[in-house]
Amino acid sequence: MMKFLRGITIKQTLLMASIVLMASCKSTKVVTGGTVDEKLSAKSVIKAHYQNQANFKTLNGKVRISYSDGESSQNVSVSIRMEKDKAIWMSAPLGIVKAYITPERVSFYNKLQNEYFDGDFSYLSDLLGTDVDFSILQNLLTGQAIVDLRLEKYGIDISEDSYRLTPKLPGALYKTLFRIEPKNYKIALQQLSQPLQKRLLEISYENYQILDKEILPNEIIIRAISKDSENNIALEFRNIELNGAVNFPYSIPKGFKEIEL
(Lines give C-alpha, C1' and ligand atoms only; values in the text may rest on other atoms or scores of the structure.)
Protein backbone atom coordinates (compact mmCIF):
# COMPACT_ATOMS: atom_id res chain seq x y z
CA MET A 1 0.00 0.00 0.00
CA MET A 2 2.78 2.44 0.89
CA LYS A 3 4.62 1.65 -2.34
CA PHE A 4 1.46 2.21 -4.36
CA LEU A 5 0.66 5.54 -2.73
CA ARG A 6 4.18 6.76 -3.30
CA GLY A 7 3.87 5.74 -6.95
CA ILE A 8 0.64 7.70 -7.19
CA THR A 9 2.31 10.72 -5.65
CA ILE A 10 5.16 10.85 -8.12
CA LYS A 11 3.36 9.84 -11.30
CA GLN A 12 -0.32 9.11 -11.25
CA THR A 13 -1.62 11.73 -8.81
CA LEU A 14 -1.18 14.52 -11.35
CA LEU A 15 -3.05 12.50 -13.93
CA MET A 16 -5.75 11.49 -11.46
CA ALA A 17 -6.34 15.09 -10.47
CA SER A 18 -6.46 16.21 -14.06
CA ILE A 19 -9.03 13.64 -15.13
CA VAL A 20 -11.78 14.95 -12.86
CA LEU A 21 -13.26 16.90 -15.73
CA MET A 22 -15.23 13.85 -16.82
CA ALA A 23 -18.55 13.00 -15.23
CA SER A 24 -21.01 10.18 -14.57
CA CYS A 25 -23.71 9.35 -12.05
CA LYS A 26 -26.37 6.79 -11.23
CA SER A 27 -29.04 8.60 -13.23
CA THR A 28 -26.99 9.00 -16.40
CA LYS A 29 -27.72 7.25 -19.66
CA VAL A 30 -24.97 5.83 -21.85
CA VAL A 31 -24.94 7.38 -25.31
CA THR A 32 -25.07 4.83 -28.13
CA GLY A 33 -25.90 4.75 -31.81
CA GLY A 34 -25.21 7.25 -34.53
CA THR A 35 -24.50 6.68 -38.20
CA VAL A 36 -21.69 8.27 -40.16
CA ASP A 37 -22.54 10.47 -43.13
CA GLU A 38 -19.96 9.92 -45.85
CA LYS A 39 -20.94 13.21 -47.50
CA LEU A 40 -19.83 15.37 -44.55
CA SER A 41 -16.67 17.40 -44.98
CA ALA A 42 -13.91 17.63 -42.37
CA LYS A 43 -14.88 21.27 -41.83
CA SER A 44 -18.49 20.28 -41.02
CA VAL A 45 -17.43 17.58 -38.57
CA ILE A 46 -15.02 19.93 -36.81
CA LYS A 47 -17.70 22.63 -36.56
CA ALA A 48 -20.13 20.14 -34.99
CA HIS A 49 -17.43 18.99 -32.56
CA TYR A 50 -17.03 22.49 -31.13
CA GLN A 51 -20.77 23.09 -31.03
CA ASN A 52 -21.06 20.12 -28.63
CA GLN A 53 -18.52 21.19 -25.99
CA ALA A 54 -19.45 20.48 -22.38
CA ASN A 55 -20.59 23.52 -20.41
CA PHE A 56 -20.81 22.97 -16.65
CA LYS A 57 -19.50 24.94 -13.67
CA THR A 58 -18.65 22.45 -10.92
CA LEU A 59 -18.21 18.72 -10.39
CA ASN A 60 -18.25 16.56 -7.26
CA GLY A 61 -17.98 12.78 -6.89
CA LYS A 62 -15.67 9.77 -7.17
CA VAL A 63 -13.52 8.09 -9.78
CA ARG A 64 -12.11 4.56 -9.85
CA ILE A 65 -8.61 4.42 -11.31
CA SER A 66 -6.78 1.34 -12.55
CA TYR A 67 -3.09 1.86 -13.20
CA SER A 68 -0.39 -0.29 -14.79
CA ASP A 69 3.20 0.52 -15.71
CA GLY A 70 4.24 -2.90 -17.02
CA GLU A 71 5.74 -3.94 -13.69
CA SER A 72 2.77 -3.56 -11.36
CA SER A 73 -0.95 -2.75 -11.47
CA GLN A 74 -3.19 -1.22 -8.82
CA ASN A 75 -6.73 0.09 -8.32
CA VAL A 76 -7.86 2.99 -6.18
CA SER A 77 -11.00 5.10 -5.71
CA VAL A 78 -10.65 8.81 -4.97
CA SER A 79 -12.96 11.70 -4.18
CA ILE A 80 -12.87 14.55 -6.68
CA ARG A 81 -14.11 18.13 -6.78
CA MET A 82 -13.73 20.73 -9.48
CA GLU A 83 -14.60 24.26 -10.47
CA LYS A 84 -14.21 24.40 -14.23
CA ASP A 85 -11.29 26.51 -15.48
CA LYS A 86 -10.28 27.32 -11.89
CA ALA A 87 -9.45 24.41 -9.60
CA ILE A 88 -9.26 20.62 -9.30
CA TRP A 89 -9.10 18.84 -5.93
CA MET A 90 -8.59 15.13 -5.21
CA SER A 91 -8.35 13.08 -2.03
CA ALA A 92 -7.49 9.40 -1.54
CA PRO A 93 -9.17 7.52 1.36
CA LEU A 94 -8.56 9.16 4.77
CA GLY A 95 -6.82 12.06 3.03
CA ILE A 96 -3.57 10.10 2.86
CA VAL A 97 -2.86 11.64 -0.56
CA LYS A 98 -4.31 14.96 -1.68
CA ALA A 99 -3.83 16.97 -4.85
CA TYR A 100 -4.81 20.50 -5.83
CA ILE A 101 -4.39 21.86 -9.36
CA THR A 102 -5.03 25.37 -10.66
CA PRO A 103 -4.20 26.93 -14.03
CA GLU A 104 -0.98 28.22 -12.46
CA ARG A 105 0.40 25.18 -10.65
CA VAL A 106 0.19 21.58 -9.49
CA SER A 107 0.45 20.61 -5.82
CA PHE A 108 0.07 17.33 -3.90
CA TYR A 109 1.25 15.64 -0.71
CA ASN A 110 1.55 12.12 0.75
CA LYS A 111 1.14 11.61 4.49
CA LEU A 112 2.68 8.13 4.45
CA GLN A 113 5.94 9.49 3.06
CA ASN A 114 5.71 12.98 4.63
CA GLU A 115 6.46 14.45 1.21
CA TYR A 116 4.91 17.11 -1.02
CA PHE A 117 5.27 18.64 -4.48
CA ASP A 118 4.37 22.19 -5.39
CA GLY A 119 5.30 23.39 -8.86
CA ASP A 120 4.29 23.84 -12.50
CA PHE A 121 3.05 21.46 -15.21
CA SER A 122 6.51 20.49 -16.48
CA TYR A 123 6.50 17.04 -14.85
CA LEU A 124 3.08 16.15 -16.20
CA SER A 125 4.16 17.41 -19.63
CA ASP A 126 7.21 15.16 -19.49
CA LEU A 127 5.13 12.17 -18.39
CA LEU A 128 2.65 12.58 -21.24
CA GLY A 129 5.27 13.48 -23.82
CA THR A 130 3.74 16.82 -24.83
CA ASP A 131 3.27 20.30 -23.44
CA VAL A 132 0.36 20.29 -21.01
CA ASP A 133 -1.51 23.05 -19.24
CA PHE A 134 -4.84 23.33 -17.46
CA SER A 135 -6.77 24.12 -20.64
CA ILE A 136 -5.29 21.19 -22.57
CA LEU A 137 -6.23 18.84 -19.73
CA GLN A 138 -9.83 20.04 -19.85
CA ASN A 139 -10.03 19.40 -23.57
CA LEU A 140 -8.36 16.02 -23.31
CA LEU A 141 -10.54 14.84 -20.49
CA THR A 142 -13.97 16.09 -21.52
CA GLY A 143 -13.96 14.51 -24.96
CA GLN A 144 -12.57 17.54 -26.80
CA ALA A 145 -9.61 17.59 -29.19
CA ILE A 146 -6.26 18.26 -27.50
CA VAL A 147 -5.38 20.77 -30.24
CA ASP A 148 -7.57 23.38 -31.91
CA LEU A 149 -8.82 21.60 -35.03
CA ARG A 150 -9.98 24.90 -36.50
CA LEU A 151 -6.44 26.16 -37.02
CA GLU A 152 -5.46 23.86 -39.89
CA LYS A 153 -6.93 21.76 -42.70
CA TYR A 154 -7.74 18.08 -42.23
CA GLY A 155 -8.45 15.17 -44.47
CA ILE A 156 -11.39 12.94 -43.57
CA ASP A 157 -12.32 9.29 -44.03
CA ILE A 158 -14.46 6.71 -42.23
CA SER A 159 -12.85 4.38 -39.68
CA GLU A 160 -14.55 2.08 -37.14
CA ASP A 161 -17.94 3.82 -37.58
CA SER A 162 -16.44 7.23 -36.84
CA TYR A 163 -14.94 10.19 -38.69
CA ARG A 164 -11.16 9.93 -38.93
CA LEU A 165 -9.30 13.24 -39.22
CA THR A 166 -5.63 13.64 -40.12
CA PRO A 167 -3.79 16.88 -40.95
CA LYS A 168 -3.28 17.56 -44.64
CA LEU A 169 0.14 18.97 -43.78
CA PRO A 170 1.79 16.71 -41.16
CA GLY A 171 3.74 18.50 -38.44
CA ALA A 172 7.51 18.37 -38.41
CA LEU A 173 7.75 17.25 -34.78
CA TYR A 174 4.32 15.80 -33.98
CA LYS A 175 1.82 13.54 -35.70
CA THR A 176 -1.86 13.71 -34.75
CA LEU A 177 -4.91 11.58 -35.42
CA PHE A 178 -8.50 12.07 -34.30
CA ARG A 179 -11.59 9.88 -34.53
CA ILE A 180 -14.91 11.63 -33.86
CA GLU A 181 -18.06 9.64 -33.12
CA PRO A 182 -21.12 10.48 -35.29
CA LYS A 183 -23.92 10.80 -32.73
CA ASN A 184 -22.68 13.78 -30.73
CA TYR A 185 -19.41 14.59 -32.50
CA LYS A 186 -17.32 13.92 -29.43
CA ILE A 187 -13.84 12.42 -29.62
CA ALA A 188 -13.72 8.61 -29.87
CA LEU A 189 -9.92 8.46 -29.95
CA GLN A 190 -7.06 10.92 -30.24
CA GLN A 191 -3.35 10.36 -30.64
CA LEU A 192 -0.32 12.58 -30.44
CA SER A 193 3.02 11.02 -31.33
CA GLN A 194 6.67 12.01 -31.67
CA PRO A 195 8.19 9.26 -33.82
CA LEU A 196 11.78 10.46 -33.47
CA GLN A 197 11.50 10.41 -29.67
CA LYS A 198 9.43 7.21 -29.75
CA ARG A 199 6.63 8.82 -27.75
CA LEU A 200 2.91 8.23 -28.05
CA LEU A 201 -0.02 9.66 -26.12
CA GLU A 202 -3.31 7.91 -26.88
CA ILE A 203 -6.65 8.67 -25.27
CA SER A 204 -9.61 6.44 -26.12
CA TYR A 205 -13.14 7.19 -24.94
CA GLU A 206 -14.94 3.92 -24.30
CA ASN A 207 -18.40 5.51 -24.05
CA TYR A 208 -20.23 8.75 -23.31
CA GLN A 209 -23.26 9.50 -21.18
CA ILE A 210 -25.82 12.20 -20.61
CA LEU A 211 -25.68 14.10 -17.33
CA ASP A 212 -27.81 17.23 -16.84
CA LYS A 213 -28.05 17.54 -20.62
CA GLU A 214 -24.28 17.40 -20.95
CA ILE A 215 -22.55 14.74 -23.07
CA LEU A 216 -19.49 13.66 -21.07
CA PRO A 217 -17.10 10.69 -21.03
CA ASN A 218 -17.95 7.79 -18.77
CA GLU A 219 -14.87 5.58 -19.23
CA ILE A 220 -11.47 6.58 -20.59
CA ILE A 221 -8.24 4.72 -21.25
CA ILE A 222 -4.99 6.70 -21.38
CA ARG A 223 -1.74 5.27 -22.75
CA ALA A 224 1.48 7.24 -22.42
CA ILE A 225 4.34 5.43 -24.14
CA SER A 226 7.98 6.45 -24.33
CA LYS A 227 11.14 4.66 -25.39
CA ASP A 228 11.70 3.19 -21.92
CA SER A 229 8.26 3.08 -20.30
CA GLU A 230 4.52 2.67 -20.76
CA ASN A 231 1.84 3.96 -18.38
CA ASN A 232 -1.75 2.75 -18.75
CA ILE A 233 -4.60 4.33 -16.82
CA ALA A 234 -8.27 3.28 -16.96
CA LEU A 235 -10.83 5.67 -15.49
CA GLU A 236 -14.41 4.98 -14.41
CA PHE A 237 -16.45 7.84 -12.97
CA ARG A 238 -19.14 7.28 -10.35
CA ASN A 239 -21.70 9.26 -8.34
CA ILE A 240 -20.81 12.56 -9.97
CA GLU A 241 -22.98 15.65 -9.52
CA LEU A 242 -22.70 18.82 -11.58
CA ASN A 243 -23.15 22.47 -10.68
CA GLY A 244 -23.43 22.10 -6.90
CA ALA A 245 -21.45 24.01 -4.26
CA VAL A 246 -17.84 22.82 -3.84
CA ASN A 247 -14.85 23.74 -1.70
CA PHE A 248 -11.22 22.66 -1.76
CA PRO A 249 -9.70 22.00 1.66
CA TYR A 250 -5.96 21.79 1.04
CA SER A 251 -2.91 22.73 3.07
CA ILE A 252 0.55 21.18 2.89
CA PRO A 253 1.35 19.85 6.38
CA LYS A 254 4.26 21.46 8.18
CA GLY A 255 7.50 19.51 8.29
CA PHE A 256 6.94 17.64 5.03
CA LYS A 257 9.91 17.25 2.67
CA GLU A 258 9.60 18.81 -0.78
CA ILE A 259 9.85 16.45 -3.76
CA GLU A 260 12.02 17.74 -6.58
CA LEU A 261 10.99 16.25 -9.91
# chains A, B, ... in the order shown; residues from 1 in each chain; ligands from 1
$ residues_around --residues "region 253-255 of chain A" --least-positions-apart "2" --cutoff "12 Å" --atoms "only C-alpha atoms" --output "PyMOL selection string"
chain A and resi 95-98+108-117+250-251+257-258
$ residues_around --residues "Lys86 (chain A)" --least-positions-apart "5" --cutoff "12 Å" --atoms "only C-alpha atoms" --output "PDB file with N, CA and C atoms, in the first residue's frame"
ATOM      1  N   SER A  18      -6.080  15.548 -12.813  1.00  0.00           N
ATOM      2  CA  SER A  18      -6.461  16.209 -14.058  1.00  0.00           C
ATOM      3  C   SER A  18      -7.665  15.572 -14.718  1.00  0.00           C
ATOM      4  N   LEU A  21     -12.376  16.115 -14.896  1.00  0.00           N
ATOM      5  CA  LEU A  21     -13.257  16.897 -15.733  1.00  0.00           C
ATOM      6  C   LEU A  21     -14.307  16.034 -16.410  1.00  0.00           C
ATOM      7  N   LYS A  57     -20.285  24.086 -14.549  1.00  0.00           N
ATOM      8  CA  LYS A  57     -19.496  24.944 -13.672  1.00  0.00           C
ATOM      9  C   LYS A  57     -18.706  24.174 -12.622  1.00  0.00           C
ATOM     10  N   THR A  58     -19.339  23.200 -11.976  1.00  0.00           N
ATOM     11  CA  THR A  58     -18.654  22.454 -10.922  1.00  0.00           C
ATOM     12  C   THR A  58     -18.945  20.966 -11.042  1.00  0.00           C
ATOM     13  N   LEU A  59     -18.098  20.183 -10.393  1.00  0.00           N
ATOM     14  CA  LEU A  59     -18.211  18.716 -10.390  1.00  0.00           C
ATOM     15  C   LEU A  59     -17.815  18.198  -9.012  1.00  0.00           C
ATOM     16  N   ARG A  81     -13.305  16.917  -6.698  1.00  0.00           N
ATOM     17  CA  ARG A  81     -14.108  18.127  -6.778  1.00  0.00           C
ATOM     18  C   ARG A  81     -13.449  19.059  -7.788  1.00  0.00           C
ATOM     19  N   TYR A 100      -4.084  19.262  -5.536  1.00  0.00           N
ATOM     20  CA  TYR A 100      -4.805  20.500  -5.830  1.00  0.00           C
ATOM     21  C   TYR A 100      -4.141  21.150  -7.040  1.00  0.00           C
ATOM     22  N   ILE A 101      -4.916  21.319  -8.106  1.00  0.00           N
ATOM     23  CA  ILE A 101      -4.388  21.862  -9.358  1.00  0.00           C
ATOM     24  C   ILE A 101      -5.176  23.111  -9.736  1.00  0.00           C
ATOM     25  N   THR A 102      -4.447  24.143 -10.129  1.00  0.00           N
ATOM     26  CA  THR A 102      -5.033  25.365 -10.662  1.00  0.00           C
ATOM     27  C   THR A 102      -4.386  25.635 -12.019  1.00  0.00           C
ATOM     28  N   PRO A 103      -4.863  26.618 -12.758  1.00  0.00           N
ATOM     29  CA  PRO A 103      -4.199  26.929 -14.030  1.00  0.00           C
ATOM     30  C   PRO A 103      -2.741  27.337 -13.871  1.00  0.00           C
ATOM     31  N   GLU A 104      -2.344  27.757 -12.676  1.00  0.00           N
ATOM     32  CA  GLU A 104      -0.979  28.222 -12.460  1.00  0.00           C
ATOM     33  C   GLU A 104      -0.022  27.138 -11.989  1.00  0.00           C
ATOM     34  N   ARG A 105      -0.537  26.136 -11.240  1.00  0.00           N
ATOM     35  CA  ARG A 105       0.400  25.184 -10.651  1.00  0.00           C
ATOM     36  C   ARG A 105      -0.263  23.859 -10.275  1.00  0.00           C
ATOM     37  N   PHE A 134      -3.510  23.578 -17.998  1.00  0.00           N
ATOM     38  CA  PHE A 134      -4.844  23.326 -17.462  1.00  0.00           C
ATOM     39  C   PHE A 134      -5.882  23.211 -18.575  1.00  0.00           C
ATOM     40  N   SER A 135      -5.799  24.100 -19.551  1.00  0.00           N
ATOM     41  CA  SER A 135      -6.769  24.116 -20.640  1.00  0.00           C
ATOM     42  C   SER A 135      -6.685  22.844 -21.479  1.00  0.00           C
ATOM     43  N   GLN A 138      -8.365  19.989 -19.752  1.00  0.00           N
ATOM     44  CA  GLN A 138      -9.826  20.043 -19.851  1.00  0.00           C
ATOM     45  C   GLN A 138     -10.299  19.492 -21.194  1.00  0.00           C
ATOM     46  N   VAL A 246     -19.046  23.592  -4.134  1.00  0.00           N
ATOM     47  CA  VAL A 246     -17.840  22.818  -3.841  1.00  0.00           C
ATOM     48  C   VAL A 246     -16.833  23.693  -3.106  1.00  0.00           C
ATOM     49  N   ASN A 247     -15.990  23.046  -2.288  1.00  0.00           N
ATOM     50  CA  ASN A 247     -14.847  23.738  -1.697  1.00  0.00           C
ATOM     51  C   ASN A 247     -13.634  22.832  -1.825  1.00  0.00           C
ATOM     52  N   PHE A 248     -12.457  23.374  -1.518  1.00  0.00           N
ATOM     53  CA  PHE A 248     -11.217  22.661  -1.763  1.00  0.00           C
ATOM     54  C   PHE A 248     -10.283  22.735  -0.554  1.00  0.00           C
TER      55      PHE A 248
END
$ select_by_dssp --residues "region 101-174 of chain A" --states "helix (DSSP H, G or I)" --output "ChimeraX atom specification"
/A:122-128,134-141,149-151
$ residues_around --residues "region 38-41 of chain A" --least-positions-apart "3" --cutoff "9 Å" --atoms "only C-alpha atoms" --output "list in words"
Ser44, Val45, Ile46, Gly155, Ile156, Asp157, Ile158 and Tyr163 of chain A
$ residues_around --residues "Gly61 (chain A)" --least-positions-apart "2" --cutoff "7 Å" --atoms "only C-alpha atoms" --output "PyMOL selection string"
chain A and resi 59+79-81+238-241
$ residues_around --residues "Ile222 (chain A)" --least-positions-apart "3" --cutoff "12 Å" --atoms "only C-alpha atoms" --output "number ranges by chain"
A: 12, 15-16, 19, 65-69, 127-128, 140-141, 189-192, 200-206, 219, 225, 230-236
$ residues_around --residues "Val106 (chain A)" --least-positions-apart "6" --cutoff "9 Å" --atoms "only C-alpha atoms" --output "PyMOL selection string"
chain A and resi 14+99-100+117-121
$ write_last_selection --atoms "all heavy atoms" --output "PDB file, in the first residue's frame"
ATOM      1  N   LEU A  14      -0.943  13.389 -10.458  1.00  0.00           N
ATOM      2  CA  LEU A  14      -1.183  14.516 -11.347  1.00  0.00           C
ATOM      3  C   LEU A  14      -2.203  14.142 -12.413  1.00  0.00           C
ATOM      4  O   LEU A  14      -3.089  14.921 -12.752  1.00  0.00           O
ATOM      5  CB  LEU A  14       0.131  14.956 -11.998  1.00  0.00           C
ATOM      6  CG  LEU A  14       1.257  15.287 -11.019  1.00  0.00           C
ATOM      7  CD1 LEU A  14       2.468  15.824 -11.786  1.00  0.00           C
ATOM      8  CD2 LEU A  14       0.803  16.308 -10.004  1.00  0.00           C
ATOM      9  N   ALA A  99      -4.382  16.190  -3.754  1.00  0.00           N
ATOM     10  CA  ALA A  99      -3.830  16.971  -4.852  1.00  0.00           C
ATOM     11  C   ALA A  99      -4.715  18.179  -5.112  1.00  0.00           C
ATOM     12  O   ALA A  99      -5.934  18.128  -4.921  1.00  0.00           O
ATOM     13  CB  ALA A  99      -3.726  16.116  -6.113  1.00  0.00           C
ATOM     14  N   TYR A 100      -4.084  19.262  -5.536  1.00  0.00           N
ATOM     15  CA  TYR A 100      -4.805  20.500  -5.830  1.00  0.00           C
ATOM     16  C   TYR A 100      -4.141  21.150  -7.040  1.00  0.00           C
ATOM     17  O   TYR A 100      -2.948  21.477  -7.013  1.00  0.00           O
ATOM     18  CB  TYR A 100      -4.759  21.431  -4.621  1.00  0.00           C
ATOM     19  CG  TYR A 100      -5.534  22.719  -4.785  1.00  0.00           C
ATOM     20  CD1 TYR A 100      -6.886  22.693  -5.083  1.00  0.00           C
ATOM     21  CD2 TYR A 100      -4.916  23.960  -4.614  1.00  0.00           C
ATOM     22  CE1 TYR A 100      -7.611  23.871  -5.212  1.00  0.00           C
ATOM     23  CE2 TYR A 100      -5.633  25.140  -4.738  1.00  0.00           C
ATOM     24  CZ  TYR A 100      -6.984  25.088  -5.044  1.00  0.00           C
ATOM     25  OH  TYR A 100      -7.691  26.259  -5.180  1.00  0.00           O
ATOM     26  N   PHE A 117       4.780  17.988  -3.273  1.00  0.00           N
ATOM     27  CA  PHE A 117       5.269  18.645  -4.478  1.00  0.00           C
ATOM     28  C   PHE A 117       4.436  19.885  -4.714  1.00  0.00           C
ATOM     29  O   PHE A 117       3.218  19.871  -4.537  1.00  0.00           O
ATOM     30  CB  PHE A 117       5.158  17.722  -5.699  1.00  0.00           C
ATOM     31  CG  PHE A 117       5.484  18.409  -6.999  1.00  0.00           C
ATOM     32  CD1 PHE A 117       6.799  18.618  -7.366  1.00  0.00           C
ATOM     33  CD2 PHE A 117       4.471  18.865  -7.838  1.00  0.00           C
ATOM     34  CE1 PHE A 117       7.106  19.258  -8.558  1.00  0.00           C
ATOM     35  CE2 PHE A 117       4.767  19.511  -9.027  1.00  0.00           C
ATOM     36  CZ  PHE A 117       6.092  19.704  -9.385  1.00  0.00           C
ATOM     37  N   ASP A 118       5.078  20.953  -5.110  1.00  0.00           N
ATOM     38  CA  ASP A 118       4.370  22.194  -5.385  1.00  0.00           C
ATOM     39  C   ASP A 118       5.116  22.901  -6.511  1.00  0.00           C
ATOM     40  O   ASP A 118       6.178  23.466  -6.298  1.00  0.00           O
ATOM     41  CB  ASP A 118       4.309  23.079  -4.135  1.00  0.00           C
ATOM     42  CG  ASP A 118       3.396  24.272  -4.327  1.00  0.00           C
ATOM     43  OD1 ASP A 118       2.320  24.111  -4.899  1.00  0.00           O
ATOM     44  OD2 ASP A 118       3.784  25.386  -3.901  1.00  0.00           O
ATOM     45  N   GLY A 119       4.584  22.823  -7.735  1.00  0.00           N
ATOM     46  CA  GLY A 119       5.304  23.392  -8.864  1.00  0.00           C
ATOM     47  C   GLY A 119       4.415  23.570 -10.080  1.00  0.00           C
ATOM     48  O   GLY A 119       3.190  23.663  -9.971  1.00  0.00           O
ATOM     49  N   ASP A 120       5.038  23.593 -11.274  1.00  0.00           N
ATOM     50  CA  ASP A 120       4.292  23.839 -12.499  1.00  0.00           C
ATOM     51  C   ASP A 120       3.916  22.524 -13.185  1.00  0.00           C
ATOM     52  O   ASP A 120       3.995  21.448 -12.593  1.00  0.00           O
ATOM     53  CB  ASP A 120       5.092  24.752 -13.431  1.00  0.00           C
ATOM     54  CG  ASP A 120       6.446  24.154 -13.803  1.00  0.00           C
ATOM     55  OD1 ASP A 120       6.601  22.913 -13.730  1.00  0.00           O
ATOM     56  OD2 ASP A 120       7.350  24.931 -14.164  1.00  0.00           O
ATOM     57  N   PHE A 121       3.533  22.608 -14.454  1.00  0.00           N
ATOM     58  CA  PHE A 121       3.050  21.456 -15.207  1.00  0.00           C
ATOM     59  C   PHE A 121       4.168  20.711 -15.932  1.00  0.00           C
ATOM     60  O   PHE A 121       3.890  19.804 -16.719  1.00  0.00           O
ATOM     61  CB  PHE A 121       2.001  21.896 -16.234  1.00  0.00           C
ATOM     62  CG  PHE A 121       0.653  22.197 -15.640  1.00  0.00           C
ATOM     63  CD1 PHE A 121       0.406  23.429 -15.052  1.00  0.00           C
ATOM     64  CD2 PHE A 121      -0.372  21.267 -15.659  1.00  0.00           C
ATOM     65  CE1 PHE A 121      -0.834  23.721 -14.505  1.00  0.00           C
ATOM     66  CE2 PHE A 121      -1.606  21.545 -15.111  1.00  0.00           C
ATOM     67  CZ  PHE A 121      -1.845  22.777 -14.531  1.00  0.00           C
TER      68      PHE A 121
END
$ closest_residue --among "A:Pro249, A:Gly171, A:Gly70, A:Pro182" --to "Ala224 (chain A)" --atoms "only C-alpha atoms"
A:Gly70
$ closest_residue --among "A:Ala145, A:Ile259, A:Met90, A:Ala54" --to "Gln209 (chain A)" --atoms "only C-alpha atoms"
A:Ala54
$ residues_around --residues "Val36 (chain A)" --least-positions-apart "6" --cutoff "10 Å" --atoms "only C-alpha atoms" --output "VMD selection string"
chain A and resid 158 to 163 180 to 183
$ closest_residue --among "A:Leu169, A:Leu177, A:Ala245, A:Ala188" --to "Ile220 (chain A)" --atoms "only C-alpha atoms"
A:Ala188
$ select_by_dssp --residues "region 10-246 of chain A" --states "strand (DSSP E)" --output "PyMOL selection string"
chain A and resi 29-31+58-68+73-83+87-91+97-101+106-110+115-119+154-159+162-167+175-180+187-194+199-211+214-225+230-242
$ closest_residue --among "A:Phe256, A:Ile136, A:Lys186, A:Lys168" --to "Leu151 (chain A)" --atoms "only C-alpha atoms"
A:Lys168
$ atom_distance --atom1 "CA of Arg150 (chain A)" --atom2 "CA of Asp131 (chain A)"
19.2 Å
